[in-house]
file input_14.cif (mmCIF, C-alpha atoms)
data_run
loop_
_atom_site.label_atom_id
_atom_site.label_comp_id
_atom_site.auth_asym_id
_atom_site.auth_seq_id
_atom_site.Cartn_x
_atom_site.Cartn_y
_atom_site.Cartn_z
CA MET A 3 34.10 36.34 -35.40
CA SER A 4 31.40 33.70 -34.90
CA THR A 5 27.93 34.73 -33.84
CA SER A 6 25.08 32.84 -32.25
CA PRO A 7 21.35 33.35 -32.85
CA HIS A 8 21.16 33.95 -29.11
CA ASP A 9 23.89 36.58 -28.76
CA PHE A 10 22.88 39.61 -26.70
CA VAL A 11 21.36 42.41 -28.79
CA PRO A 12 19.90 45.43 -26.97
CA PRO A 13 16.29 46.35 -27.76
CA SER A 14 15.62 48.58 -30.73
CA PRO A 15 13.23 51.53 -30.64
CA GLY A 16 9.72 50.13 -30.69
CA ASP A 17 10.66 46.82 -29.07
CA SER A 18 8.54 45.94 -26.06
CA ARG A 19 10.10 45.33 -22.65
CA SER A 20 8.75 44.66 -19.17
CA PRO A 21 9.77 45.39 -15.58
CA CYS A 22 11.01 41.77 -15.37
CA PRO A 23 14.76 41.30 -16.00
CA ALA A 24 14.34 37.56 -16.56
CA LEU A 25 12.00 38.02 -19.51
CA ASN A 26 13.78 41.07 -20.90
CA ALA A 27 17.05 39.12 -20.94
CA LEU A 28 15.39 36.30 -22.87
CA ALA A 29 14.09 38.78 -25.44
CA ASN A 30 17.48 40.52 -25.71
CA HIS A 31 19.02 37.12 -26.45
CA SER A 32 16.22 36.26 -28.92
CA ILE A 33 15.15 33.27 -26.85
CA LEU A 34 11.81 35.04 -26.76
CA PRO A 35 10.93 37.16 -29.82
CA HIS A 36 13.36 40.07 -29.83
CA ASP A 37 10.62 42.63 -30.40
CA GLY A 38 8.92 41.39 -27.22
CA ARG A 39 5.52 41.31 -28.90
CA ASN A 40 2.67 38.83 -29.33
CA ILE A 41 4.27 36.26 -27.02
CA SER A 42 2.08 33.30 -26.12
CA ALA A 43 1.84 31.50 -22.80
CA SER A 44 3.33 28.39 -24.41
CA GLN A 45 6.34 30.38 -25.65
CA LEU A 46 6.89 31.73 -22.14
CA ILE A 47 6.61 28.28 -20.59
CA HIS A 48 9.16 26.80 -22.98
CA ALA A 49 11.60 29.72 -22.69
CA ILE A 50 11.72 29.96 -18.90
CA ARG A 51 11.90 26.18 -18.50
CA GLU A 52 14.77 25.82 -20.94
CA SER A 53 16.67 28.95 -19.96
CA TYR A 54 16.20 29.07 -16.17
CA ARG A 55 15.34 25.44 -15.34
CA VAL A 56 11.97 26.40 -13.89
CA SER A 57 9.75 23.39 -13.23
CA LEU A 58 6.80 22.72 -15.52
CA PRO A 59 4.16 23.51 -12.84
CA MET A 60 5.94 26.73 -11.85
CA ALA A 61 6.49 27.84 -15.45
CA THR A 62 2.87 27.08 -16.32
CA ILE A 63 1.47 29.06 -13.40
CA LEU A 64 3.71 32.08 -14.03
CA SER A 65 2.97 32.11 -17.76
CA ILE A 66 -0.77 31.44 -17.64
CA VAL A 67 -1.36 33.95 -14.84
CA GLY A 68 0.79 36.59 -16.53
CA THR A 69 -0.82 36.31 -19.94
CA TYR A 70 -4.34 36.01 -18.50
CA MET A 71 -4.09 38.97 -16.13
CA CYS A 72 -2.07 41.31 -18.34
CA GLY A 73 -2.54 40.13 -21.92
CA ARG A 74 -5.14 39.27 -24.51
CA HIS A 75 -6.16 35.71 -25.33
CA PHE A 76 -3.14 34.40 -23.40
CA LYS A 77 -0.69 36.49 -25.42
CA ILE A 78 1.25 39.54 -24.29
CA ASP A 79 3.58 42.26 -25.39
CA LEU A 80 6.19 42.42 -22.64
CA GLU A 81 5.17 45.98 -21.76
CA ASP A 82 1.74 44.64 -20.77
CA LEU A 83 3.41 43.29 -17.62
CA ALA A 84 4.07 46.90 -16.58
CA ARG A 85 0.35 47.55 -16.02
CA HIS A 86 0.40 49.08 -12.58
CA ASN A 87 -0.80 47.01 -9.63
CA VAL A 88 -1.84 44.04 -11.73
CA ILE A 89 1.29 41.90 -11.33
CA GLU A 90 3.71 44.84 -11.24
CA HIS A 91 3.95 46.60 -7.89
CA ASP A 92 5.56 49.59 -6.21
CA ALA A 93 8.85 49.23 -4.29
CA SER A 94 10.66 47.23 -6.96
CA LEU A 95 14.32 46.71 -6.16
CA THR A 96 15.46 48.25 -9.45
CA HIS A 97 12.51 50.16 -10.95
CA ALA A 98 10.94 53.43 -9.88
CA ASN A 99 7.32 53.42 -8.77
CA ALA A 100 4.56 54.18 -11.24
CA PRO A 101 3.69 57.88 -11.32
CA PRO A 102 0.60 58.98 -9.36
CA ASP A 103 -2.51 57.80 -11.21
CA GLY A 104 -0.22 56.18 -13.80
CA HIS A 105 -1.51 53.10 -15.57
CA TYR A 106 1.95 51.70 -16.35
CA ALA A 107 5.15 51.50 -14.34
CA PRO A 108 8.58 52.35 -15.80
CA THR A 109 10.24 49.49 -17.65
CA SER A 110 13.70 51.06 -17.72
CA VAL A 111 16.08 50.30 -14.86
CA ASP A 112 16.53 53.03 -12.26
CA LYS A 113 20.32 53.31 -12.03
CA GLU A 114 20.21 54.80 -8.54
CA LEU A 115 18.07 51.96 -7.20
CA LEU A 116 20.34 49.42 -8.88
CA GLN A 117 23.37 50.99 -7.23
CA HIS A 118 21.59 50.97 -3.86
CA LEU A 119 20.97 47.25 -4.34
CA LEU A 120 24.62 46.60 -5.15
CA ASP A 121 25.71 48.73 -2.18
CA THR A 122 23.58 46.71 0.24
CA SER A 123 26.64 44.51 0.75
CA LYS A 124 30.05 45.87 1.71
CA ASP A 125 31.55 42.82 0.01
CA HIS A 126 33.04 43.95 -3.30
CA GLU A 127 32.12 40.79 -5.15
CA TYR A 128 28.93 39.23 -3.78
CA LEU A 129 25.43 39.83 -2.53
CA THR A 130 23.93 37.24 -0.19
CA PHE A 131 20.39 36.12 0.49
CA ASP A 132 20.44 38.24 3.64
CA ASP A 133 21.50 41.27 1.59
CA LEU A 134 18.50 40.78 -0.70
CA VAL A 135 16.24 40.56 2.35
CA GLN A 136 17.70 43.82 3.65
CA ALA A 137 17.10 45.44 0.28
CA ARG A 138 13.51 44.18 0.26
CA ALA A 139 12.92 45.58 3.74
CA ALA A 140 14.47 48.91 2.80
CA ARG A 141 12.25 49.30 -0.25
CA ASP A 142 9.16 48.32 1.74
CA ALA A 143 10.02 51.04 4.25
CA THR A 144 9.73 53.70 1.54
CA LEU A 145 6.04 52.99 0.96
CA ASP A 146 3.31 55.23 2.33
CA ARG A 147 1.19 52.13 2.74
CA PRO A 148 2.18 48.46 2.63
CA LEU A 149 1.93 46.37 -0.51
CA SER A 150 -1.29 44.41 -0.84
CA SER A 151 -1.20 40.78 0.24
CA LEU A 152 -0.90 39.66 -3.39
CA HIS A 153 1.85 42.10 -4.27
CA GLY A 154 3.70 41.28 -1.07
CA VAL A 155 3.73 37.63 -2.12
CA ILE A 156 4.97 38.61 -5.59
CA ALA A 157 7.72 40.86 -4.19
CA ARG A 158 9.00 38.13 -1.87
CA GLY A 159 8.71 35.59 -4.66
CA GLU A 160 10.97 37.76 -6.81
CA ILE A 161 13.68 37.49 -4.15
CA ALA A 162 13.23 33.73 -4.02
CA LEU A 163 13.44 33.40 -7.79
CA THR A 164 16.51 35.66 -7.98
CA VAL A 165 18.52 33.74 -5.39
CA GLN A 166 17.62 30.40 -6.98
CA THR A 167 18.44 31.63 -10.49
CA LEU A 168 21.68 33.51 -9.85
CA GLY A 169 22.94 32.22 -6.50
CA ASP A 170 25.48 29.52 -5.73
CA SER A 171 24.87 26.70 -3.25
CA ALA A 172 25.56 29.12 -0.37
CA GLY A 173 23.12 31.68 -1.74
CA ARG A 174 25.84 34.11 -2.85
CA ILE A 175 25.25 36.09 -6.04
CA PRO A 176 28.14 37.76 -7.84
CA LYS A 177 27.49 41.49 -8.07
CA ARG A 178 28.48 41.26 -11.70
CA TYR A 179 25.50 38.96 -12.28
CA ILE A 180 23.21 41.52 -10.64
CA GLN A 181 24.64 44.29 -12.79
CA GLU A 182 24.30 42.31 -16.01
CA TRP A 183 20.89 40.68 -15.36
CA PHE A 184 19.09 43.56 -13.66
CA GLY A 185 21.08 46.45 -15.10
CA GLU A 186 21.87 45.35 -18.64
CA GLN A 187 19.00 42.87 -19.02
CA ARG A 188 21.25 40.12 -20.32
CA LEU A 189 22.20 36.59 -19.29
CA PRO A 190 25.37 37.12 -17.24
CA HIS A 191 28.74 36.08 -18.63
CA GLY A 192 29.90 32.88 -16.97
CA TRP A 193 26.47 32.12 -15.50
CA SER A 194 24.89 28.72 -15.99
CA LYS A 195 21.32 27.76 -15.25
CA PRO A 196 20.61 26.21 -11.84
CA ALA A 197 21.56 22.62 -11.17
CA ASP A 198 18.20 21.98 -9.52
CA ALA A 199 14.81 22.89 -10.93
CA ILE A 200 13.18 26.01 -9.54
CA GLY A 201 9.84 24.76 -8.29
CA LEU A 202 6.78 25.82 -6.35
CA VAL A 203 7.83 24.21 -3.07
CA SER A 204 11.35 25.66 -2.97
CA THR A 205 10.17 29.10 -4.06
CA THR A 206 7.37 29.17 -1.49
CA LYS A 207 9.73 28.15 1.31
CA ILE A 208 12.29 30.81 0.44
CA ALA A 209 9.61 33.48 0.01
CA GLU A 210 8.19 32.63 3.43
CA ARG A 211 11.65 32.96 4.92
CA VAL A 212 11.92 36.38 3.29
CA ARG A 213 8.59 37.37 4.86
CA SER A 214 9.73 36.30 8.33
CA LEU A 215 13.10 38.05 8.08
CA VAL A 216 11.64 41.28 6.70
CA LYS A 217 9.12 41.28 9.54
CA MET A 218 11.97 40.88 12.06
CA ILE A 219 13.85 43.78 10.50
CA GLN A 220 10.76 45.97 10.60
CA SER A 221 10.09 45.06 14.23
CA SER A 222 13.68 45.81 15.27
CA LYS A 223 13.51 49.26 13.67
CA LYS A 224 10.30 50.04 15.57
CA VAL A 225 12.05 49.15 18.83
CA ASP A 226 15.03 51.33 17.92
#

call {"tool": "encode", "arguments": {"input": "input_14.cif", "output": "structure tokens"}}
result
Amino acid sequence: MSTSPHDFVPPSPGDSRSPCPALNALANHSILPHDGRNISASQLIHAIRESYRVSLPMATILSIVGTYMCGRHFKIDLEDLARHNVIEHDASLTHANAPPDGHYAPTSVDKELLQHLLDTSKDHEYLTFDDLVQARAARDATLDRPLSSLHGVIARGEIALTVQTLGDSAGRIPKRYIQEWFGEQRLPHGWSKPADAIGLVSTTKIAERVRSLVKMIQSSKKVD
């Protein structure tokens, strides 16, 4: 049986992982260092560009901001990204909130939240962009107080990045991809990286659409 240096290998005890499925998957496939430690901004830029077809400006911003805000000298262990309310935020689609007064959020996937995400659509095979918006609105509704402006932008950006990374031209995402990427933290079987680069303009436009639709959902529930 042939093996590849980038076959999926789950993390070992002591390996560092983050709340971000995209980066955890790259570490589990040894595209980033498998131990998830001492990763530089330049390594992040190269990995997410090559693996997810993220544009150079987008990859640079994500990597520089992440390593600067959460790391040391523009290097991180993946768990550094779990520092609560730095980049990480409450109301993740698949991770439980940080405990009260906790400095770090959970990095393991909450199976109940993952199942709720999958159950957002009655379709047995796919989630759509609208389903992700509904899931975002539902998680926002669980908060005692809204996300900060910054964390709201990040949360909506995560939806935009997910649909561009995993979705087809109609914005449909196979539920199997969601299960494997979010749940198992691996690159999904049969998935290929996007045909078009994921850039700042496209991500901003989609995130703004998420904001508008979530606001409409929230307003309609107030009327009801």

call {"tool": "atom_distance", "arguments": {"input": "input_14.cif", "atom1": "atom CA of Leu95 of chain A", "atom2": "atom CA of Ala172 of chain A"}}
result
21.7 Å

call {"tool": "atom_distance", "arguments": {"input": "input_14.cif", "atom1": "atom CA of Phe184 of chain A", "atom2": "atom CA of Pro23 of chain A"}}
result
5.4 Å

call {"tool": "atom_distance", "arguments": {"input": "input_14.cif", "atom1": "atom CA of Ile89 of chain A", "atom2": "atom CA of Asp37 of chain A"}}
result
21.2 Å

call {"tool": "resolve_selection", "arguments": {"input": "input_14.cif", "expression": "the PyMOL selection byres ((chain A and resi 180) around 12)", "output": "MDAnalysis selection string"}}
result
chainID A and resid 23:24 95:96 116:121 127:130 134 164:165 167:169 174:179 181:191 193

call {"tool": "resolve_selection", "arguments": {"input": "input_14.cif", "expression": "the PyMOL selection byres ((chain A and resi 59-74) around 9)", "output": "PyMOL selection string"}}
result
chain A and resi 41-48+50-51+56-58+75-79+82-85+88-89+200-202

call {"tool": "residues_around", "arguments": {"input": "input_14.cif", "residues": "Ser221 of chain A", "least_positions_apart": "6", "cutoff": "12 Å", "atoms": "all atoms listed in the file", "output": "PyMOL selection string"}}
result
chain A and resi 139+143+214-215

call {"tool": "closest_residue", "arguments": {"input": "input_14.cif", "among": "A:Gln166, A:Thr144, A:Gln136, A:Ser53", "to": "Ala98 of chain A", "atoms": "all atoms listed in the file"}}
result
A:Thr144

call {"tool": "closest_residue", "arguments": {"input": "input_14.cif", "among": "A:Arg211, A:Lys195, A:His31, A:Lys217", "to": "Glu52 of chain A", "atoms": "only C-alpha atoms"}}
result
A:Lys195

call {"tool": "closest_residue", "arguments": {"input": "input_14.cif", "among": "A:Thr206, A:Ser150, A:Ser222, A:Ser6", "to": "Ile33 of chain A", "atoms": "all atoms listed in the file"}}
result
A:Ser6

call {"tool": "residues_around", "arguments": {"input": "input_14.cif", "residues": "Arg141 of chain A", "least_positions_apart": "3", "cutoff": "12 Å", "atoms": "all atoms listed in the file", "output": "PyMOL selection string"}}
result
chain A and resi 91-99+115-116+118-119+122+134-138+144-149+154+157-158+216+220

call {"tool": "closest_residue", "arguments": {"input": "input_14.cif", "among": "A:Arg19, A:His105, A:Val155, A:Glu81", "to": "Val212 of chain A", "atoms": "only C-alpha atoms"}}
result
A:Val155

call {"tool": "closest_residue", "arguments": {"input": "input_14.cif", "among": "A:Ile156, A:Val203, A:Val111, A:Leu28", "to": "Asn87 of chain A", "atoms": "all atoms listed in the file"}}
result
A:Ile156

call {"tool": "closest_residue", "arguments": {"input": "input_14.cif", "among": "A:Ser194, A:His86, A:Asp9, A:Ile161", "to": "Arg213 of chain A", "atoms": "only C-alpha atoms"}}
result
A:Ile161

call {"tool": "residues_around", "arguments": {"input": "input_14.cif", "residues": "Ser32 of chain A", "least_positions_apart": "3", "cutoff": "9 Å", "atoms": "all atoms listed in the file", "output": "MDAnalysis selection string"}}
result
chainID A and resid 7:11 27:29 35:37

call {"tool": "decode", "arguments": {"input": "input_14.cif", "residues": "segment 80-91 of chain A", "atoms": "all heavy atoms", "output": "short mmCIF file (atom, residue, chain, number, x, y, z; two decimals), in the first residue's frame"}}
result
data_model
loop_
_atom_site.label_atom_id
_atom_site.label_comp_id
_atom_site.auth_asym_id
_atom_site.auth_seq_id
_atom_site.Cartn_x
_atom_site.Cartn_y
_atom_site.Cartn_z
N LEU A 80 -0.21 26.28 17.11
CA LEU A 80 -1.60 26.42 16.68
C LEU A 80 -2.54 26.73 17.84
O LEU A 80 -3.50 27.48 17.68
CB LEU A 80 -2.06 25.16 15.94
CG LEU A 80 -1.46 24.96 14.54
CD1 LEU A 80 -1.99 23.66 13.92
CD2 LEU A 80 -1.77 26.13 13.62
N GLU A 81 -2.27 26.19 19.01
CA GLU A 81 -3.14 26.45 20.16
C GLU A 81 -3.16 27.92 20.57
O GLU A 81 -4.10 28.37 21.24
CB GLU A 81 -2.72 25.59 21.35
CG GLU A 81 -1.34 25.92 21.88
CD GLU A 81 -0.69 24.76 22.62
OE1 GLU A 81 -0.70 23.63 22.09
OE2 GLU A 81 -0.17 24.99 23.72
N ASP A 82 -2.14 28.68 20.15
CA ASP A 82 -2.14 30.12 20.45
C ASP A 82 -3.36 30.81 19.85
O ASP A 82 -3.82 31.83 20.37
CB ASP A 82 -0.87 30.79 19.91
CG ASP A 82 0.39 30.31 20.61
OD1 ASP A 82 0.30 29.90 21.79
OD2 ASP A 82 1.46 30.35 19.98
N LEU A 83 -3.87 30.27 18.75
CA LEU A 83 -5.03 30.88 18.10
C LEU A 83 -6.32 30.67 18.90
O LEU A 83 -7.35 31.26 18.57
CB LEU A 83 -5.20 30.30 16.69
CG LEU A 83 -4.06 30.63 15.71
CD1 LEU A 83 -4.21 29.84 14.43
CD2 LEU A 83 -4.00 32.12 15.42
N ALA A 84 -6.24 29.85 19.95
CA ALA A 84 -7.40 29.64 20.82
C ALA A 84 -7.47 30.67 21.96
O ALA A 84 -8.39 30.60 22.78
CB ALA A 84 -7.37 28.23 21.41
N ARG A 85 -6.53 31.60 22.02
CA ARG A 85 -6.59 32.63 23.05
C ARG A 85 -7.92 33.37 22.93
O ARG A 85 -8.25 33.92 21.89
CB ARG A 85 -5.42 33.60 22.91
CG ARG A 85 -4.09 33.02 23.34
CD ARG A 85 -2.94 33.96 23.06
NE ARG A 85 -3.14 35.26 23.71
CZ ARG A 85 -2.48 36.36 23.37
NH1 ARG A 85 -1.58 36.34 22.39
NH2 ARG A 85 -2.71 37.49 24.01
N HIS A 86 -8.67 33.37 24.00
CA HIS A 86 -10.05 33.83 23.94
C HIS A 86 -10.17 35.32 23.66
O HIS A 86 -9.49 36.15 24.28
CB HIS A 86 -10.77 33.50 25.25
CG HIS A 86 -12.22 33.83 25.25
ND1 HIS A 86 -13.05 33.49 24.20
CD2 HIS A 86 -13.00 34.48 26.15
CE1 HIS A 86 -14.28 33.91 24.46
NE2 HIS A 86 -14.28 34.51 25.63
N ASN A 87 -11.05 35.62 22.69
CA ASN A 87 -11.38 36.99 22.32
C ASN A 87 -10.19 37.79 21.78
O ASN A 87 -10.18 39.02 21.85
CB ASN A 87 -12.04 37.75 23.48
CG ASN A 87 -13.53 37.51 23.54
OD1 ASN A 87 -14.14 37.08 22.56
ND2 ASN A 87 -14.13 37.77 24.69
N VAL A 88 -9.21 37.08 21.24
CA VAL A 88 -8.18 37.76 20.45
C VAL A 88 -8.64 37.67 19.00
O VAL A 88 -9.23 38.60 18.47
CB VAL A 88 -6.78 37.15 20.68
CG1 VAL A 88 -5.72 37.88 19.85
CG2 VAL A 88 -6.41 37.21 22.17
N ILE A 89 -8.43 36.53 18.36
CA ILE A 89 -9.06 36.24 17.07
C ILE A 89 -10.24 35.29 17.30
O ILE A 89 -11.32 35.48 16.76
CB ILE A 89 -8.05 35.64 16.08
CG1 ILE A 89 -7.02 36.71 15.70
CG2 ILE A 89 -8.75 35.12 14.82
CD1 ILE A 89 -5.88 36.19 14.86
N GLU A 90 -10.03 34.29 18.13
CA GLU A 90 -11.11 33.36 18.52
C GLU A 90 -12.25 34.13 19.16
O GLU A 90 -12.05 35.17 19.79
CB GLU A 90 -10.54 32.34 19.51
CG GLU A 90 -11.52 31.30 20.00
CD GLU A 90 -12.40 31.79 21.15
OE1 GLU A 90 -11.99 32.74 21.87
OE2 GLU A 90 -13.48 31.23 21.33
N HIS A 91 -13.47 33.60 19.00
CA HIS A 91 -14.65 34.28 19.53
C HIS A 91 -15.68 33.25 19.96
O HIS A 91 -15.66 32.10 19.53
CB HIS A 91 -15.26 35.19 18.46
CG HIS A 91 -15.59 34.47 17.19
ND1 HIS A 91 -16.76 33.77 17.01
CD2 HIS A 91 -14.87 34.29 16.05
CE1 HIS A 91 -16.76 33.21 15.81
NE2 HIS A 91 -15.63 33.51 15.20
#
